[in-house]
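Just below is one structure, and these are the notes that go with it.
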Amino acid sequence: MTSKQRAYLKSLASKEDTILQIGKEALTPENTAAMDQALTARELIKVGILQNCLDDINAIAQTAADRTRSQLVQVIGRKFVLYREGKDEKKKIVLPPPAKRTSREKG
């Protein structure tokens with residue numbers, strides 16, 4: 001994912017509400033399954049981590065991305081955003097194309 005694509009996803013995520021909250025149990029199989037279903041339906045989700053969760057937020061976010069086969073877009077405060085591209089017929093988000101490299105950047 002390019003920085004331009006990541007910035008685009010961040011702008012979309014800023015308008016989204018948190019759809020799932022992780023509590024003191026941290027990442028449970030139920031949380032992971034809920035994130036997986038939400039990613040299938042929406043492609044981009046925002047997850048909140050409650051104050052009573054004492055685990056490292058970055059570690060939880062990366063583990064969630066690994067378990068759901070998604071990409072971690074950003075971690076900000078006690079929230080993180082995950083993105084997983086939808087199947088062709090259900091694709092809702094179209095990412096900007098990667099920038100073409102000029103001859104100066106190649107060499």
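Residue names in the structure tokens use chain letters A, B, ... in the order shown, residue numbers from 1 in each chain, and ligand numbers from 1 in the order shown.
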
(request) DSSP on the backbone, then: every residue of chain A marked helix (DSSP H, G or I), written as a count of residues only. (result) 45

(message) I want to know what sits within 9 Å of Gln21 in chain A, based on only C-alpha atoms, with residues of the same chain fewer than 2 positions away left out; could you give that as a count of residues only?
(response) 9

(request) Name all residues at most 12 Å from Thr63 in chain A (count only C-alpha atoms; drop same-chain ones fewer than 5 positions away) and give them as a PyMOL selection string. (result) chain A and resi 26-29+31-32+35+55-58+68-72+80+82

Give me a file of those residues, with C-alpha atoms, as a compact mmCIF listing (two decimals), in the first residue's frame.
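Wrote it out as result-v1.txt, contents follow:
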# COMPACT_ATOMS: atom_id res chain seq x y z
CA ALA A 26 -7.94 -8.09 24.71
CA LEU A 27 -8.27 -10.03 21.43
CA THR A 28 -10.61 -12.96 21.80
CA PRO A 29 -11.67 -15.35 19.03
CA ASN A 31 -13.56 -10.23 18.58
CA THR A 32 -11.51 -11.57 15.70
CA MET A 35 -13.75 -7.96 12.84
CA ASP A 55 -2.16 -4.64 26.62
CA ASP A 56 -0.06 -2.67 24.13
CA ILE A 57 -2.35 -0.99 21.59
CA ASN A 58 0.07 -1.33 18.68
CA THR A 68 -8.05 -11.05 9.84
CA ARG A 69 -5.62 -10.97 6.88
CA SER A 70 -6.09 -7.21 6.61
CA GLN A 71 -3.82 -4.19 6.55
CA LEU A 72 -3.31 -1.89 9.50
CA PHE A 80 -7.03 1.61 15.09
CA LEU A 82 -8.11 -1.96 9.44

(request) Please run DSSP on the backbone and report, as a list in words, all residues within range 22-61 of chain A that come out as strand (DSSP E or B). (result)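 Listing strand (DSSP E or B) positions across range 22-61 of chain A yields Ile22, Leu44, Ile45, Lys46, Val47, Gly48 and Ile49 of chain A.
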
(request) Could you please determine the separation between CA of Ile93 in chain A and CA of Arg78 in chain A in Å, to one decimal place? (result)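 Result for CA of Ile93 in chain A versus CA of Arg78 in chain A: 24.6 Å, one decimal.
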
(message) Just to confirm, what's the straight-line distance from CA of Gln74 in chain A to CA of Glu16 in chain A in Å (one decimal)?
(response)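 Going from CA of Gln74 in chain A over to CA of Glu16 in chain A, I get 13.5 Å.
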
(message) Given only C-alpha atoms as the basis, pick out the residue of A:Ala64, A:Asp36, A:Gly77, A:Leu44 nearest to Leu95 in chain A.
(response)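 For Leu95 in chain A, the nearest of the candidates is A:Leu44.
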
(message) Using Å and a single decimal, report how far CA of Ala41 in chain A sits from CA of Ala7 in chain A.
(response) 21.5 Å
